[in-house]
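Undergrad: So that we are looking at the same thing, I have put the structure below in structure tokens.
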Amino acid sequence: MKATDNVYPIHAENHAGYLHFGLKARDYIAIQAMVGLLAGISSERTLPMPSYESIAEDCYNMADAMIERSEKDE
């Protein structure tokens, strides 16, 4: 898998004539990481909420690591 691969590609034309190709793999993996991370944070109310910037950075770091590992298998 490459970071620029499309996930759930959609090939449709909109009113302006542009094609949409879905999410990039890196963004999709980061979103999934964020869902899990935020679920864990919300269940541990004793800890302060991290900044949005640090959450986003952590999730993209996880996505990058997963993509790097996936590319080793190709």
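Ordering of the structure tokens sets the chain letters (A, B, ...), residue numbers begin anew at 1 in every chain, and ligands are numbered from 1 in the order given.
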For Asp64 of chain A, please output as a list in words all residues within 9 Å (counting only C-alpha atoms; exclusion window: fewer than 3 positions along the same chain).
TA: Ala3, Arg26, Ile29, Ala30, Cys59, Tyr60, Asn61, Ile67, Glu68 and Arg69 of chain A
Undergrad: So what do you get for atom CA of Leu23 of chain A versus atom CA of Asp58 of chain A, distance-wise?
TA: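 One can read the atom CA of Leu23 of chain A to atom CA of Asp58 of chain A distance as 18.8 Å.
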Undergrad: Identify which of the residues A:Val7, A:Ala16, A:Ala25, A:Leu38 lies closest to Ala56 of chain A, counting only C-alpha atoms when measuring atom-to-atom distances.
TA: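 Under the stated criterion, the closest residue is A:Leu38.
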Undergrad: Show which residues sit within 12 Å of Ile55 of chain A, as a VMD selection string. Count only C-alpha atoms, and ignore same-chain residues fewer than 2 positions away.
TA: chain A and resid 30 to 31 33 to 38 41 49 to 53 57 to 62
